[in-house]
file structure-v6.txt (compact mmCIF, C-alpha atoms)
# COMPACT_ATOMS: atom_id res chain seq x y z
CA MET A 219 -57.47 -61.62 -78.34
CA VAL A 220 -56.23 -65.19 -78.84
CA SER A 221 -56.26 -66.33 -82.46
CA MET A 222 -57.38 -69.91 -83.10
CA VAL A 223 -56.50 -71.00 -86.62
CA ALA A 224 -56.41 -74.07 -88.81
CA ALA A 225 -53.17 -75.92 -89.15
CA CYS A 226 -54.68 -78.48 -91.51
CA SER A 227 -57.23 -78.53 -94.29
CA ALA A 228 -60.12 -78.60 -91.80
CA PRO A 229 -59.97 -76.04 -88.96
CA PRO A 230 -59.57 -77.34 -85.40
CA THR A 231 -61.22 -75.59 -82.51
CA ALA A 232 -60.51 -75.41 -78.81
CA ASP A 233 -63.97 -76.74 -78.01
CA GLU A 234 -63.73 -80.22 -79.51
CA THR A 235 -63.42 -82.70 -76.68
CA GLN A 236 -62.86 -86.20 -78.03
CA PRO A 237 -60.80 -87.80 -75.23
CA VAL A 238 -57.61 -89.64 -76.13
CA ALA A 239 -55.15 -91.66 -74.11
CA GLY A 240 -52.21 -89.74 -72.74
CA SER A 241 -51.45 -87.48 -69.83
CA GLY A 242 -54.98 -86.80 -68.72
CA GLU A 243 -56.20 -83.80 -70.69
CA ASP A 244 -59.24 -83.61 -72.94
CA ALA A 245 -58.39 -83.37 -76.60
CA GLU A 246 -59.77 -83.22 -80.09
CA GLU A 247 -59.02 -85.85 -82.70
CA VAL A 248 -56.04 -85.33 -84.99
CA GLU A 249 -57.07 -84.32 -88.48
CA THR A 250 -55.58 -85.54 -91.73
CA VAL A 251 -53.01 -83.31 -93.39
CA ASP A 252 -53.34 -82.88 -97.13
CA PRO A 253 -49.74 -82.83 -98.44
CA GLU A 254 -50.82 -81.22 -101.71
CA THR A 255 -52.12 -78.07 -99.98
CA ALA A 256 -49.82 -78.00 -96.95
CA GLU A 257 -47.05 -75.46 -96.45
CA GLU A 258 -43.67 -77.10 -96.97
CA ALA A 259 -41.66 -77.74 -93.81
CA ALA A 260 -38.10 -76.54 -93.39
CA ASP A 261 -35.33 -79.11 -93.24
CA PRO A 262 -34.45 -79.70 -89.56
CA ASP A 263 -30.74 -79.13 -90.18
CA SER A 264 -31.40 -75.80 -91.88
CA SER A 265 -33.84 -74.83 -89.11
CA GLN A 266 -31.19 -75.57 -86.48
CA ALA A 267 -28.61 -73.59 -88.43
CA ALA A 268 -31.01 -70.65 -88.72
CA LEU A 269 -31.73 -70.77 -84.98
CA ASP A 270 -28.00 -70.94 -84.23
CA GLU A 271 -27.50 -67.81 -86.35
CA VAL A 272 -30.15 -65.99 -84.32
CA THR A 273 -28.58 -67.19 -81.08
CA ALA A 274 -25.14 -66.03 -82.17
CA GLU A 275 -26.47 -62.57 -83.01
CA LEU A 276 -27.91 -62.27 -79.49
CA GLU A 277 -24.73 -63.30 -77.70
CA GLY A 278 -23.52 -60.79 -75.13
CA LEU A 279 -26.66 -58.65 -75.13
CA ASP A 280 -28.31 -57.75 -71.84
CA PRO A 281 -31.90 -59.00 -71.35
CA ASP A 282 -33.59 -55.83 -72.61
CA ALA A 283 -31.38 -55.53 -75.69
CA ARG A 284 -31.81 -59.25 -76.35
CA ARG A 285 -35.59 -58.90 -76.31
CA GLU A 286 -35.52 -55.85 -78.57
CA ARG A 287 -33.31 -57.56 -81.14
CA LEU A 288 -35.41 -60.73 -81.08
CA ILE A 289 -38.52 -58.65 -81.76
CA GLU A 290 -36.79 -56.97 -84.71
CA LEU A 291 -35.75 -60.33 -86.15
CA ALA A 292 -39.23 -61.82 -85.59
CA LEU A 293 -40.87 -58.91 -87.43
CA GLU A 294 -38.41 -59.35 -90.28
CA GLU A 295 -39.60 -62.97 -90.54
CA GLY A 296 -43.16 -61.77 -90.98
CA GLY A 297 -44.28 -61.04 -87.42
CA GLU A 298 -46.15 -64.31 -86.93
CA VAL A 299 -45.63 -67.54 -84.99
CA SER A 300 -47.65 -70.76 -84.84
CA PHE A 301 -48.10 -72.22 -81.38
CA TYR A 302 -49.50 -75.64 -80.47
CA GLY A 303 -50.16 -76.32 -76.80
CA SER A 304 -52.16 -78.30 -74.26
CA THR A 305 -52.66 -75.70 -71.52
CA ASN A 306 -56.31 -74.69 -71.22
CA ILE A 307 -57.18 -71.41 -72.85
CA ASP A 308 -58.16 -69.66 -69.60
CA ASP A 309 -54.60 -70.13 -68.33
CA ILE A 310 -52.55 -69.60 -71.48
CA GLY A 311 -54.75 -66.90 -73.05
CA PRO A 312 -53.38 -64.04 -70.92
CA VAL A 313 -49.80 -65.05 -71.82
CA ILE A 314 -50.63 -65.03 -75.53
CA ASP A 315 -52.42 -61.68 -75.33
CA ALA A 316 -49.56 -60.06 -73.41
CA PHE A 317 -46.98 -61.46 -75.84
CA GLU A 318 -48.79 -60.03 -78.84
CA GLU A 319 -49.21 -56.64 -77.18
CA ASP A 320 -45.60 -56.44 -75.96
CA THR A 321 -43.91 -57.68 -79.12
CA GLY A 322 -46.22 -56.89 -82.04
CA VAL A 323 -45.86 -60.51 -83.16
CA SER A 324 -49.15 -62.36 -83.71
CA ILE A 325 -49.77 -65.93 -82.55
CA SER A 326 -51.90 -68.53 -84.30
CA HIS A 327 -52.83 -70.93 -81.52
CA TYR A 328 -54.01 -74.54 -81.65
CA ARG A 329 -55.03 -76.08 -78.34
CA ALA A 330 -55.65 -79.75 -77.64
CA GLY A 331 -54.62 -82.42 -75.15
CA ALA A 332 -50.94 -83.29 -74.90
CA SER A 333 -51.20 -86.58 -76.81
CA THR A 334 -53.27 -85.00 -79.56
CA VAL A 335 -50.78 -82.17 -80.01
CA MET A 336 -47.88 -84.61 -80.08
CA ASN A 337 -49.58 -86.88 -82.61
CA ARG A 338 -50.45 -83.93 -84.80
CA ILE A 339 -46.84 -82.76 -84.93
CA LEU A 340 -45.69 -86.30 -85.74
CA GLN A 341 -48.26 -86.52 -88.50
CA GLU A 342 -47.41 -83.13 -89.95
CA SER A 343 -43.72 -84.01 -89.95
CA ASP A 344 -44.44 -87.22 -91.87
CA ALA A 345 -46.41 -85.17 -94.39
CA GLY A 346 -43.62 -82.60 -94.76
CA PHE A 347 -45.92 -79.90 -93.38
CA ALA A 348 -44.73 -76.92 -91.33
CA GLY A 349 -47.64 -76.59 -88.92
CA SER A 350 -46.25 -75.57 -85.56
CA ASP A 351 -43.26 -73.37 -84.74
CA VAL A 352 -43.50 -73.75 -80.96
CA VAL A 353 -44.97 -76.61 -78.94
CA GLN A 354 -45.90 -76.68 -75.25
CA ILE A 355 -47.16 -79.97 -73.78
CA ASN A 356 -46.49 -82.41 -70.94
CA GLY A 357 -42.97 -83.68 -70.34
CA PRO A 358 -43.51 -87.32 -71.42
CA GLU A 359 -44.86 -86.21 -74.80
CA MET A 360 -42.03 -83.67 -75.19
CA LEU A 361 -39.55 -86.50 -74.75
CA ILE A 362 -41.21 -88.45 -77.56
CA LEU A 363 -40.91 -85.46 -79.89
CA SER A 364 -37.29 -85.08 -78.82
CA GLY A 365 -36.63 -88.74 -79.54
CA GLU A 366 -38.01 -88.25 -83.04
CA ASP A 367 -35.64 -85.29 -83.58
CA LEU A 368 -38.58 -82.92 -83.85
CA LEU A 369 -37.25 -80.29 -81.44
CA LEU A 370 -34.36 -77.88 -81.98
CA THR A 371 -31.51 -77.53 -79.51
CA LEU A 372 -32.01 -74.44 -77.34
CA ASP A 373 -29.20 -72.13 -76.26
CA THR A 374 -30.65 -69.47 -73.99
CA PRO A 375 -29.38 -67.91 -70.75
CA ILE A 376 -32.89 -68.20 -69.36
CA ALA A 377 -32.34 -71.94 -68.94
CA ASP A 378 -30.23 -71.17 -65.87
CA ASP A 379 -33.37 -70.03 -64.01
CA ILE A 380 -35.45 -73.14 -64.80
CA VAL A 381 -35.83 -75.89 -62.21
CA GLU A 382 -33.38 -78.71 -62.78
CA ALA A 383 -36.11 -81.27 -63.44
CA GLY A 384 -37.35 -79.08 -66.29
CA ARG A 385 -34.09 -78.43 -68.16
CA PHE A 386 -33.35 -80.41 -71.30
CA ASP A 387 -31.20 -79.69 -74.33
CA ASP A 388 -34.19 -79.05 -76.58
CA TRP A 389 -36.97 -78.02 -74.21
CA LEU A 390 -37.55 -76.20 -70.93
CA ALA A 391 -40.34 -76.17 -68.36
CA PRO A 392 -42.68 -73.14 -68.24
CA TYR A 393 -44.37 -74.81 -65.28
CA VAL A 394 -44.59 -78.08 -63.43
CA ASN A 395 -47.72 -80.08 -62.72
CA ALA A 396 -47.95 -81.00 -59.04
CA PHE A 397 -50.16 -84.00 -58.16
CA ILE A 398 -51.93 -83.56 -54.83
CA VAL A 399 -54.43 -85.65 -52.86
CA GLY A 400 -57.58 -83.54 -52.53
CA TRP A 401 -60.79 -84.02 -50.55
CA ASN A 402 -64.24 -82.55 -50.05
CA THR A 403 -64.30 -80.75 -46.69
CA ASN A 404 -68.06 -81.20 -46.30
CA ARG A 405 -67.60 -84.97 -46.43
CA VAL A 406 -64.17 -85.37 -44.85
CA SER A 407 -63.49 -83.73 -41.50
CA PRO A 408 -60.03 -82.42 -40.58
CA GLU A 409 -59.62 -85.42 -38.30
CA GLU A 410 -60.51 -87.81 -41.14
CA ALA A 411 -58.36 -86.14 -43.81
CA PRO A 412 -55.68 -88.51 -45.16
CA THR A 413 -52.14 -87.93 -43.95
CA SER A 414 -50.49 -90.56 -46.16
CA TYR A 415 -51.07 -92.30 -49.46
CA GLU A 416 -51.87 -95.49 -47.59
CA GLU A 417 -54.70 -93.72 -45.73
CA ALA A 418 -56.00 -92.13 -48.93
CA PHE A 419 -55.99 -95.51 -50.67
CA THR A 420 -57.61 -97.55 -47.89
CA ASN A 421 -59.85 -95.27 -45.79
CA PHE A 422 -62.21 -94.07 -48.52
CA SER A 423 -63.23 -97.18 -50.39
CA GLY A 424 -66.38 -96.49 -52.38
CA THR A 425 -65.89 -92.73 -52.31
CA LEU A 426 -62.41 -92.57 -53.87
CA ALA A 427 -61.54 -91.25 -57.33
CA MET A 428 -58.43 -91.90 -59.44
CA ASP A 429 -57.36 -90.57 -62.85
CA VAL A 430 -57.17 -93.04 -65.72
CA ASP A 431 -54.06 -91.56 -67.36
CA ASP A 432 -51.70 -90.90 -64.45
CA PHE A 433 -49.23 -93.69 -65.14
CA ASP A 434 -46.30 -91.29 -64.59
CA TRP A 435 -47.58 -90.31 -61.12
CA PHE A 436 -48.08 -94.00 -60.36
CA ALA A 437 -44.63 -95.01 -61.63
CA THR A 438 -42.93 -92.29 -59.62
CA LEU A 439 -44.66 -93.21 -56.37
CA VAL A 440 -44.05 -96.92 -56.82
CA ASP A 441 -40.40 -96.64 -57.83
CA GLN A 442 -39.16 -93.69 -55.80
CA TYR A 443 -41.39 -93.72 -52.72
CA PHE A 444 -42.94 -97.10 -51.90
CA VAL A 445 -39.95 -99.09 -53.12
CA GLY A 446 -37.11 -96.58 -52.83
CA GLU A 447 -38.07 -95.05 -49.47
CA LEU A 448 -40.43 -97.45 -47.71
CA GLY A 449 -38.68 -100.63 -48.81
CA MET A 450 -41.66 -102.38 -50.39
CA THR A 451 -41.17 -104.72 -53.30
CA GLU A 452 -42.50 -103.46 -56.60
CA GLU A 453 -45.15 -106.19 -56.53
CA GLU A 454 -46.34 -105.10 -53.08
CA ALA A 455 -46.55 -101.47 -54.14
CA VAL A 456 -48.48 -102.23 -57.32
CA GLU A 457 -50.87 -104.41 -55.34
CA LEU A 458 -51.52 -101.47 -52.99
CA PHE A 459 -52.66 -99.39 -55.96
CA LYS A 460 -54.83 -102.24 -57.26
CA GLU A 461 -56.53 -102.55 -53.88
CA ALA A 462 -57.19 -98.82 -53.89
CA ALA A 463 -58.63 -98.98 -57.41
CA SER A 464 -60.95 -101.82 -56.44
CA GLY A 465 -62.82 -99.33 -54.24
CA ALA A 466 -62.46 -96.35 -56.57
CA SER A 467 -64.07 -94.74 -59.58
CA VAL A 468 -61.80 -93.93 -62.50
CA ILE A 469 -62.05 -90.50 -64.12
CA ARG A 470 -60.47 -89.04 -67.24
CA GLY A 471 -59.30 -85.47 -66.73
CA HIS A 472 -58.05 -83.58 -63.71
CA SER A 473 -60.41 -80.66 -64.25
CA LEU A 474 -63.37 -83.02 -64.16
CA GLY A 475 -61.93 -84.80 -61.14
CA ALA A 476 -61.67 -81.55 -59.19
CA GLU A 477 -65.21 -80.54 -60.16
CA LEU A 478 -66.63 -83.87 -59.00
CA VAL A 479 -64.84 -83.66 -55.64
CA VAL A 480 -66.14 -80.12 -55.11
CA ALA A 481 -69.64 -81.31 -56.05
CA GLY A 482 -69.43 -83.98 -53.36
CA GLU A 483 -69.64 -86.93 -55.72
CA TYR A 484 -66.37 -88.24 -54.31
CA ASP A 485 -64.75 -87.75 -50.94
CA VAL A 486 -61.12 -88.01 -52.05
CA HIS A 487 -59.16 -87.87 -55.31
CA THR A 488 -55.67 -89.36 -55.32
CA SER A 489 -53.98 -87.19 -57.95
CA LEU A 490 -55.53 -83.80 -58.64
CA TYR A 491 -53.46 -80.98 -60.11
CA HIS A 492 -52.39 -78.43 -57.51
CA HIS A 493 -53.29 -75.47 -59.75
CA HIS A 494 -56.93 -76.56 -59.81
CA THR A 495 -57.20 -75.79 -56.11
CA ALA A 496 -56.93 -72.08 -56.95
CA ARG A 497 -59.98 -72.35 -59.22
CA HIS A 498 -62.00 -73.93 -56.45
CA ALA A 499 -60.71 -71.77 -53.60
CA ASP A 500 -64.30 -70.95 -52.57
CA GLY A 501 -65.48 -74.55 -52.83
CA PRO A 502 -65.45 -77.29 -50.19
CA MET A 503 -62.09 -78.75 -51.20
CA ASP A 504 -58.74 -78.90 -49.43
CA TRP A 505 -55.41 -80.65 -49.78
CA GLN A 506 -53.51 -79.40 -46.74
CA PRO A 507 -51.77 -80.58 -44.70
CA PRO A 508 -50.48 -82.24 -47.87
CA VAL A 509 -49.99 -85.92 -48.41
CA GLU A 510 -46.27 -86.11 -49.08
CA PRO A 511 -44.18 -86.52 -51.08
CA VAL A 512 -45.98 -84.53 -53.76
CA VAL A 513 -45.16 -85.79 -57.24
CA ILE A 514 -44.19 -83.07 -59.73
CA ARG A 515 -43.88 -83.45 -63.50
CA PRO A 516 -42.53 -80.74 -65.81
CA ASN A 517 -44.52 -79.39 -68.70
CA GLY A 518 -42.29 -78.37 -71.60
CA VAL A 519 -41.95 -75.75 -74.29
CA GLY A 520 -39.65 -76.01 -77.29
CA ILE A 521 -39.14 -75.10 -80.93
CA VAL A 522 -40.35 -77.57 -83.57
CA SER A 523 -37.58 -78.67 -85.93
CA THR A 524 -39.58 -77.83 -89.08
CA THR A 525 -40.01 -74.15 -88.19
CA THR A 526 -39.33 -71.47 -90.77
CA ARG A 527 -39.45 -68.72 -88.09
CA PRO A 528 -36.59 -69.31 -85.64
CA ALA A 529 -36.46 -65.77 -84.20
CA ALA A 530 -40.19 -65.54 -83.53
CA SER A 531 -40.10 -69.03 -82.06
CA LEU A 532 -37.24 -68.23 -79.69
CA LEU A 533 -38.94 -64.97 -78.76
CA LEU A 534 -42.10 -66.82 -77.73
CA VAL A 535 -40.21 -69.50 -75.80
CA GLU A 536 -38.20 -66.93 -73.86
CA TYR A 537 -41.30 -64.81 -73.20
CA MET A 538 -43.14 -67.79 -71.73
CA LEU A 539 -40.16 -68.48 -69.44
CA THR A 540 -39.87 -64.87 -68.23
CA ASP A 541 -42.79 -62.42 -68.50
CA GLY A 542 -45.27 -65.27 -68.90
CA GLN A 543 -44.33 -66.83 -65.58
CA GLN A 544 -46.33 -64.35 -63.50
CA PHE A 545 -49.45 -64.90 -65.60
CA LEU A 546 -49.15 -68.64 -65.00
CA ALA A 547 -48.59 -68.09 -61.28
CA ASP A 548 -51.68 -65.87 -61.12
CA VAL A 549 -53.88 -68.80 -62.16
CA GLY A 550 -52.25 -71.13 -59.64
CA ARG A 551 -49.70 -72.82 -61.89
CA THR A 552 -46.33 -73.72 -60.39
CA PRO A 553 -43.81 -71.77 -62.49
CA GLY A 554 -40.78 -73.51 -63.92
CA SER A 555 -38.59 -70.49 -63.26
CA THR A 556 -36.87 -70.13 -59.91
CA ALA A 557 -36.77 -66.37 -60.51
CA ILE A 558 -40.41 -66.05 -59.44
CA ASP A 559 -41.69 -66.78 -55.96
CA ALA A 560 -44.91 -68.71 -56.58
CA GLY A 561 -46.39 -72.18 -56.76
CA LEU A 562 -46.02 -74.86 -54.12
CA PRO A 563 -44.83 -73.72 -50.67
CA ASP A 564 -41.11 -74.32 -50.23
CA ASP A 565 -41.56 -76.56 -47.19
CA ILE A 566 -43.54 -79.22 -49.08
CA ARG A 567 -41.53 -82.34 -49.88
CA THR A 568 -41.64 -83.27 -53.54
CA ILE A 569 -40.31 -85.96 -55.85
CA GLY A 570 -39.92 -85.38 -59.56
CA VAL A 571 -40.95 -87.70 -62.35
CA ASP A 572 -37.75 -89.11 -63.85
CA LEU A 573 -38.77 -88.47 -67.43
CA LEU A 574 -35.75 -90.06 -69.08
CA LYS A 575 -36.11 -93.28 -67.09
CA LEU A 576 -39.88 -93.23 -67.55
CA GLU A 577 -39.52 -92.95 -71.30
CA GLU A 578 -37.22 -95.99 -71.34
CA GLU A 579 -39.73 -97.96 -69.27
CA ARG A 580 -42.93 -96.39 -70.58
CA GLU A 581 -44.43 -99.62 -71.90
CA LYS A 582 -43.90 -101.35 -68.56
CA TRP A 583 -45.49 -98.62 -66.44
CA GLU A 584 -48.39 -98.00 -68.81
CA GLY A 585 -49.11 -101.73 -68.74
CA LEU A 586 -48.99 -101.92 -64.95
CA TYR A 587 -51.23 -98.88 -64.59
CA GLU A 588 -53.72 -100.39 -67.02
CA GLU A 589 -53.90 -103.33 -64.60
CA VAL A 590 -54.56 -100.90 -61.75
CA VAL A 591 -57.33 -99.18 -63.71
CA ARG A 592 -58.94 -102.51 -64.61
CA ALA A 593 -59.02 -103.40 -60.93
CA SER A 594 -61.66 -100.71 -60.42
CA GLY A 595 -64.13 -102.79 -62.41
CA SER A 596 -66.00 -99.67 -63.50
CA ALA A 597 -66.26 -97.71 -66.73
CA VAL A 598 -64.09 -94.64 -67.06
CA ARG A 599 -66.03 -91.48 -66.25
CA GLU A 600 -65.35 -88.63 -68.67
call {"tool": "encode", "arguments": {"input": "structure-v6.txt", "output": "structure tokens"}}
result
Amino acid sequence: MVSMVAACSAPPTADETQPVAGSGEDAEEVETVDPETAEEAADPDSSQAALDEVTAELEGLDPDARRERLIELALEEGGEVSFYGSTNIDDIGPVIDAFEEDTGVSISHYRAGASTVMNRILQESDAGFAGSDVVQINGPEMLILSGEDLLLTLDTPIADDIVEAGRFDDWLAPYVNAFIVGWNTNRVSPEEAPTSYEEAFTNFSGTLAMDVDDFDWFATLVDQYFVGELGMTEEEAVELFKEAASGASVIRGHSLGAELVVAGEYDVHTSLYHHHTARHADGPMDWQPPVEPVVIRPNGVGIVSTTTRPAASLLLVEYMLTDGQQFLADVGRTPGSTAIDAGLPDDIRTIGVDLLKLEEEREKWEGLYEEVVRASGSAVRE
């Protein structure tokens, strides 16, 4: 059973749903840490040194022996690990349960939207509070934590199996989010289904839905596809999105967006998550033949630099990137590991969000996408 515990003076729950700006997931508000009652954080340098010691002890071991030794070391640390993440509990719960059963190490789990989790870790670091050992959120937010030196450098052979777009020095991708154009099959016939982004943007004015937070999807399509492949100017491409938004409703949350398309409230949504199609397999929604290229963005998992439990943290990270991959695939997620055959079909053309470039230009693309959203002229539905 998944354990939900307090990381601050007031306990958070997975059911609070105060939306915040970010990468499009519902979230609860960040609570205030009380430094006088908080557990003291480890110094990042000492945490890295402790993790390096664990890594050195594992060197040369085969996968089974490596796992066994990591479990021994994690139990010596106390047999517990704190895990903050943004994946919904229906998807991540089976991974947590299996980890606890297989390792004997218990997880205290805090779930919120990616921006909320990120802000909480930033806040706890400022307060000198060791709240989370392991964090798993969207790639853009992982880069912010990395830039603040709040993630430890990872040295694991499992990194070799992770898709290139999801490999960084201090975090790896347990799965990627794939943005697909989806439509209601009761309202859109096979002949009417969009075959390009231009058709999706222009043929469904008044019945189109867009997500309010997908600036990274937008930036990738503008920069890599419309400008880089089709030869548009950036201004022309941005204007295309604004014209689409002028005939669209803006929604916060991909889960809600998928539900509203299935319910027939909208004909087409421009950027649903691929894994939501598995949850609505019996509903009147389709996305194939796909509108290509499909934009993919890695979700990340890493070890927080204030951890006092390096072995348990590494054990959880490696478990998520190995045994946990099948659980994620079973709920329709696109695994980050190339060692498992699941996720998007191989013949679908994709383009990856350039996270490093996006982080450098984040202010620009967030500002441009805010202009796109404003062009809808309607209140955000959430």
call {"tool": "residues_around", "arguments": {"input": "structure-v6.txt", "residues": "stretch 487-504 of chain A", "least_positions_apart": "3", "cutoff": "10 Å", "atoms": "all atoms listed in the file", "output": "ChimeraX atom specification"}}
result
/A:394-406,408,411,415,418-419,422,425-429,432,435-436,462,466-469,471-482,484,507-509,512-514,546-552,561-562
call {"tool": "write_last_selection", "arguments": {"input": "structure-v6.txt", "atoms": "C-alpha atoms", "output": "PDB file, in the coordinates of the input"}}
result
ATOM      1  CA  VAL A 394     -44.590 -78.080 -63.430  1.00  0.00           C
ATOM      2  CA  ASN A 395     -47.720 -80.080 -62.720  1.00  0.00           C
ATOM      3  CA  ALA A 396     -47.950 -81.000 -59.040  1.00  0.00           C
ATOM      4  CA  PHE A 397     -50.160 -84.000 -58.160  1.00  0.00           C
ATOM      5  CA  ILE A 398     -51.930 -83.560 -54.830  1.00  0.00           C
ATOM      6  CA  VAL A 399     -54.430 -85.650 -52.860  1.00  0.00           C
ATOM      7  CA  GLY A 400     -57.580 -83.540 -52.530  1.00  0.00           C
ATOM      8  CA  TRP A 401     -60.790 -84.020 -50.550  1.00  0.00           C
ATOM      9  CA  ASN A 402     -64.240 -82.550 -50.050  1.00  0.00           C
ATOM     10  CA  THR A 403     -64.300 -80.750 -46.690  1.00  0.00           C
ATOM     11  CA  ASN A 404     -68.060 -81.200 -46.300  1.00  0.00           C
ATOM     12  CA  ARG A 405     -67.600 -84.970 -46.430  1.00  0.00           C
ATOM     13  CA  VAL A 406     -64.170 -85.370 -44.850  1.00  0.00           C
ATOM     14  CA  PRO A 408     -60.030 -82.420 -40.580  1.00  0.00           C
ATOM     15  CA  ALA A 411     -58.360 -86.140 -43.810  1.00  0.00           C
ATOM     16  CA  TYR A 415     -51.070 -92.300 -49.460  1.00  0.00           C
ATOM     17  CA  ALA A 418     -56.000 -92.130 -48.930  1.00  0.00           C
ATOM     18  CA  PHE A 419     -55.990 -95.510 -50.670  1.00  0.00           C
ATOM     19  CA  PHE A 422     -62.210 -94.070 -48.520  1.00  0.00           C
ATOM     20  CA  THR A 425     -65.890 -92.730 -52.310  1.00  0.00           C
ATOM     21  CA  LEU A 426     -62.410 -92.570 -53.870  1.00  0.00           C
ATOM     22  CA  ALA A 427     -61.540 -91.250 -57.330  1.00  0.00           C
ATOM     23  CA  MET A 428     -58.430 -91.900 -59.440  1.00  0.00           C
ATOM     24  CA  ASP A 429     -57.360 -90.570 -62.850  1.00  0.00           C
ATOM     25  CA  ASP A 432     -51.700 -90.900 -64.450  1.00  0.00           C
ATOM     26  CA  TRP A 435     -47.580 -90.310 -61.120  1.00  0.00           C
ATOM     27  CA  PHE A 436     -48.080 -94.000 -60.360  1.00  0.00           C
ATOM     28  CA  ALA A 462     -57.190 -98.820 -53.890  1.00  0.00           C
ATOM     29  CA  ALA A 466     -62.460 -96.350 -56.570  1.00  0.00           C
ATOM     30  CA  SER A 467     -64.070 -94.740 -59.580  1.00  0.00           C
ATOM     31  CA  VAL A 468     -61.800 -93.930 -62.500  1.00  0.00           C
ATOM     32  CA  ILE A 469     -62.050 -90.500 -64.120  1.00  0.00           C
ATOM     33  CA  GLY A 471     -59.300 -85.470 -66.730  1.00  0.00           C
ATOM     34  CA  HIS A 472     -58.050 -83.580 -63.710  1.00  0.00           C
ATOM     35  CA  SER A 473     -60.410 -80.660 -64.250  1.00  0.00           C
ATOM     36  CA  LEU A 474     -63.370 -83.020 -64.160  1.00  0.00           C
ATOM     37  CA  GLY A 475     -61.930 -84.800 -61.140  1.00  0.00           C
ATOM     38  CA  ALA A 476     -61.670 -81.550 -59.190  1.00  0.00           C
ATOM     39  CA  GLU A 477     -65.210 -80.540 -60.160  1.00  0.00           C
ATOM     40  CA  LEU A 478     -66.630 -83.870 -59.000  1.00  0.00           C
ATOM     41  CA  VAL A 479     -64.840 -83.660 -55.640  1.00  0.00           C
ATOM     42  CA  VAL A 480     -66.140 -80.120 -55.110  1.00  0.00           C
ATOM     43  CA  ALA A 481     -69.640 -81.310 -56.050  1.00  0.00           C
ATOM     44  CA  GLY A 482     -69.430 -83.980 -53.360  1.00  0.00           C
ATOM     45  CA  TYR A 484     -66.370 -88.240 -54.310  1.00  0.00           C
ATOM     46  CA  PRO A 507     -51.770 -80.580 -44.700  1.00  0.00           C
ATOM     47  CA  PRO A 508     -50.480 -82.240 -47.870  1.00  0.00           C
ATOM     48  CA  VAL A 509     -49.990 -85.920 -48.410  1.00  0.00           C
ATOM     49  CA  VAL A 512     -45.980 -84.530 -53.760  1.00  0.00           C
ATOM     50  CA  VAL A 513     -45.160 -85.790 -57.240  1.00  0.00           C
ATOM     51  CA  ILE A 514     -44.190 -83.070 -59.730  1.00  0.00           C
ATOM     52  CA  LEU A 546     -49.150 -68.640 -65.000  1.00  0.00           C
ATOM     53  CA  ALA A 547     -48.590 -68.090 -61.280  1.00  0.00           C
ATOM     54  CA  ASP A 548     -51.680 -65.870 -61.120  1.00  0.00           C
ATOM     55  CA  VAL A 549     -53.880 -68.800 -62.160  1.00  0.00           C
ATOM     56  CA  GLY A 550     -52.250 -71.130 -59.640  1.00  0.00           C
ATOM     57  CA  ARG A 551     -49.700 -72.820 -61.890  1.00  0.00           C
ATOM     58  CA  THR A 552     -46.330 -73.720 -60.390  1.00  0.00           C
ATOM     59  CA  GLY A 561     -46.390 -72.180 -56.760  1.00  0.00           C
ATOM     60  CA  LEU A 562     -46.020 -74.860 -54.120  1.00  0.00           C
TER      61      LEU A 562
END
call {"tool": "residues_around", "arguments": {"input": "structure-v6.txt", "residues": "A:Ala260", "least_positions_apart": "5", "cutoff": "8 Å", "atoms": "all atoms listed in the file", "output": "JSON, numbers by chain"}}
result
{"A": [265, 348, 523, 524, 525, 526]}
call {"tool": "closest_atom_pairs", "arguments": {"input": "structure-v6.txt", "of": "stretch 460-569 of chain A", "to": "stretch 292-308 of chain A", "cutoff": "10 Å", "atoms": "all atoms listed in the file", "output": "tab-separated table"}}
result
residue	atom	partner	partner_atom	distance
A:Asn517	CA	A:Thr305	CA	9.4
A:Gly518	CA	A:Gly303	CA	9.7
A:Val519	CA	A:Gly303	CA	8.6
A:Ile521	CA	A:Phe301	CA	9.4
A:Val522	CA	A:Phe301	CA	9.7
A:Thr525	CA	A:Ser300	CA	9.0
A:Thr526	CA	A:Glu295	CA	8.5
A:Arg527	CA	A:Glu295	CA	6.3
A:Pro528	CA	A:Ala292	CA	7.9
A:Ala529	CA	A:Ala292	CA	5.0
A:Ala530	CA	A:Ala292	CA	4.4
A:Ser531	CA	A:Val299	CA	6.4
A:Leu532	CA	A:Ala292	CA	8.9
A:Leu533	CA	A:Ala292	CA	7.5
A:Leu534	CA	A:Val299	CA	8.1
A:Val549	CA	A:Asp308	CA	8.6
call {"tool": "write_last_selection", "arguments": {"input": "structure-v6.txt", "atoms": "C-alpha atoms", "output": "CSV table (one decimal), in the frame of the given file"}}
result
chain,number,residue,atom,x,y,z
A,517,ASN,CA,-44.5,-79.4,-68.7
A,518,GLY,CA,-42.3,-78.4,-71.6
A,519,VAL,CA,-42.0,-75.8,-74.3
A,521,ILE,CA,-39.1,-75.1,-80.9
A,522,VAL,CA,-40.4,-77.6,-83.6
A,525,THR,CA,-40.0,-74.2,-88.2
A,526,THR,CA,-39.3,-71.5,-90.8
A,527,ARG,CA,-39.4,-68.7,-88.1
A,528,PRO,CA,-36.6,-69.3,-85.6
A,529,ALA,CA,-36.5,-65.8,-84.2
A,530,ALA,CA,-40.2,-65.5,-83.5
A,531,SER,CA,-40.1,-69.0,-82.1
A,532,LEU,CA,-37.2,-68.2,-79.7
A,533,LEU,CA,-38.9,-65.0,-78.8
A,534,LEU,CA,-42.1,-66.8,-77.7
A,549,VAL,CA,-53.9,-68.8,-62.2
call {"tool": "atom_distance", "arguments": {"input": "structure-v6.txt", "atom1": "atom CA of A:Val335", "atom2": "atom CA of A:Met538"}}
result
18.3 Å
